[in-house]
Every structure is written in structure tokens, then in C-alpha cells.
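Participant: The structure that follows is given in the form of C-alpha cells.
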Amino acid sequence: MVAAVRPHPTLNEKDLDQLLEQHPDALLLALDQVTDPHNLGACIRTAAAMGVEAVVVSRDRSASLTPTARKVAAGGAEKVKFIQVTNLARTMKQLQSRGIWIFGTSDKGDRGLYETDFTGPAALVMGAEGEGMRRLTEENCDFLLRIPMKGSIPCLNVSVATGVCLYEMVRQRS
């Protein structure tokens with residue numbers, strides 16, 4: 001048995017501009033330094049389930065849409081656009097100029113996830129486990145959020161944290 005498979009298209013900044021023309025109230029997910037293809041795939045799967053228009057990553061220091069990431073995404077990679085950009089911080093500034101609010105998660109966050117209004121056009125930025133977002137990425141967020149934690153573990157896996165945040169964003173936007 002032989003199967004012919006086309007590679008999944010990887011999009012760029014121009015494709016992001018076109019997407020935003022079509023969907024001005026878009027919900028986007030940006031991943032900063034997420035290098036594990038398993039985490040990338042899990043984030044893409046969650047993004048697809050939550051109706052995210054696109055997952056945005058930088059070309060450098062980020063996992064790409066490998067067969068492993070696609071397998072973990074379990075069909076999500078075919079439902080949500082995957083956009084690689086040259087400079088994530090610059091892309092965030094371009095999103096802001098289009099009226100898209102940028103929300104990042106950080107242990108330095110000054111507001112709680114559940115006290116934040118997500119009803120307009122929004123992009124969620126998630127950093128890698130351990131390192132979090134790069135300094136410039138964090139500085140370009142409009143808001144830094146905390147996920148309330150009650151147990152003895154100080155943080156969540158990036159894909160789990162992405163699910164928690166996207167669910168709250170979609171709940172408010174529904």
C-alpha cells in the first residue's frame with residue numbers, strides 16, 4: 001500500500017496579514033521558544049478545539065510542524081493555520097497596531113486569568129517551560145496574566161496552561 005501525502009503548508013507574515021483581513025476579531029496563539037514537538041502538537045490540538053485562527057511561532061528557537069507534532073495534534077494541524085515569523089516581538093507590535101490585545105502568561109503577571117476581559121480581538125502568548133517568554137516578547141505584551149495555582153506545584157506544562165487560558169478566553173467570547 002502506498003500513500004501520497006502533501007506536506008502541511010507553513011505560512012508566514014503575509015499570510016497572517018491576509019488572515020486578519022478576513023477575521024478581524026481573530027483569536028490567535030503565539031508560542032515563544034516552545035521547542036518540544038510534543039508540546040507544540042498538544043498546543044495546536046487545543047488551539048483547534050478552541051477555534052483559534054492561527055498558531056504563530058518564530059522560525060528560530062521554536063519547534064516546527066514535524067511529523068511528531070502533527071501526530072500529537074491528532075488532526076488539529078489540519079484545522080488551524082501554522083505561521084512561522086522571523087521576529088515574534090515585531091509581529092506582536094503589528095498585531096497591536098491592528099487592535100489586537102496581546103495577553104501573555106508569566107509568574108510576574110499583575111492580573112489573574114479570571115479577572116481579565118478577553119472579549120475583543122486577542123492573541124495569547126505562551127512561553128517555554130522553565131524559561132518562559134523572552135524579555136522582549138514579555139515587554140511587548142499588553143497584559144501579563146497569572147494562572148491561579150492552589151497546590152504545591154508552582155507552574156503547569158505549557159500545553160496544559162495553554163488549554164486553561166484558551167478555554168477561559170473562548171468562554172468569555174461565546
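Quick note on naming: the chains in the C-alpha cells go A, B, ... in the order shown, residues restart at 1 in each chain, and ligands are numbered from 1 in order of appearance.
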Skipping near chain neighbours, those fewer than 2 positions away, what residues fall within 6 Å of segment 133-146 of chain A using only C-alpha atoms, listed as a PyMOL selection string?

Facilitator: chain A and resi 32+89+102-106+109+111-113+127

Participant: Need the shell around Ala26 of chain A: protein/DNA/RNA residues with any atom at most 8 Å away, counting only C-alpha atoms. Skip same-chain ones fewer than 4 positions apart. Format as a list of chain:residue names?

Facilitator: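 Contacts, with the query itself left out: A:Leu20, A:Val52, A:Glu53, A:Pro121, A:Ala122.
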
Participant: Can you list, as a ChimeraX atom specification, all residues belonging to segment 8-174 of chain A that DSSP tags as helix (DSSP H, G or I)?

Facilitator: /A:13-22,37-49,67-73,76-78,88-97,113-115,135-139,158-173

Participant: Near Val55 of chain A, within 9 Å and counting only C-alpha atoms, which residues show up once chain neighbours fewer than 5 positions away are dropped, as a VMD selection string?

Facilitator: chain A and resid 28 to 31 43 to 44 47 80 to 84

Participant: List as a PyMOL selection string the protein and nucleic acid residues near Glu129 of chain A, meaning an atom at most 12 Å away when only C-alpha atoms are counted, but skip any in the same chain fewer than 5 places from it.

Facilitator: chain A and resi 31-36+39-40+105-107+134+154-162

Participant: Please measure the separation of atom CA of Gln94 of chain A and atom CA of Gly130 of chain A, giving the value in Å to one decimal.

Facilitator: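 Atom-to-atom, atom CA of Gln94 of chain A to atom CA of Gly130 of chain A, that is 27.3 Å.
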
Participant: For Gln172 of chain A, list every protein, DNA or RNA residue within 9 Å, evaluated using only C-alpha atoms, and leave out those in the same chain fewer than 3 positions away; present the list as a compact mmCIF listing (two decimals) with C-alpha atoms, in the first residue's frame.

Facilitator:
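As a result, out_2.txt now contains:
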# COMPACT_ATOMS: atom_id res chain seq x y z
CA ASP A 117 -11.65 40.68 29.80
CA PHE A 118 -10.94 38.68 26.62
CA THR A 119 -13.99 39.69 24.57
CA TYR A 167 -10.76 27.84 27.50
CA GLU A 168 -11.32 30.97 29.60
CA MET A 169 -10.83 33.21 26.57

Participant: Excluding same-chain residues fewer than 3 positions from Glu78 of chain A, what lies within 10 Å of it counting only C-alpha atoms, as a JSON list (two decimals) with C-alpha atoms, in the first residue's frame?

Facilitator:
[["chain", "number", "residue", "atom", "x", "y", "z"],
["A", 8, "HIS", "CA", 1.42, 20.75, 5.60],
["A", 9, "PRO", "CA", 1.82, 24.34, 4.43],
["A", 44, "ILE", "CA", -2.09, 23.02, 18.27],
["A", 45, "ARG", "CA", -4.70, 20.40, 19.16],
["A", 48, "ALA", "CA", -8.00, 23.80, 17.02],
["A", 70, "ARG", "CA", 1.33, 16.61, 13.70],
["A", 73, "ALA", "CA", -2.02, 17.38, 17.29],
["A", 74, "ALA", "CA", -4.32, 14.49, 16.25],
["A", 75, "GLY", "CA", -5.91, 16.32, 13.32],
["A", 81, "LYS", "CA", -3.09, 27.69, 10.46],
["A", 82, "PHE", "CA", 0.57, 27.37, 11.46]]

Participant: Using only C-alpha atoms, which of A:Val170, A:Leu88, A:Val72, A:Leu16 sits nearest Asp60 of chain A?

Facilitator: A:Leu88

Participant: Find the residue from A:Ser152, A:Arg90, A:Trp101, A:Leu166 that sits nearest to Tyr114 of chain A; use only C-alpha atoms when measuring.

Facilitator: A:Leu166
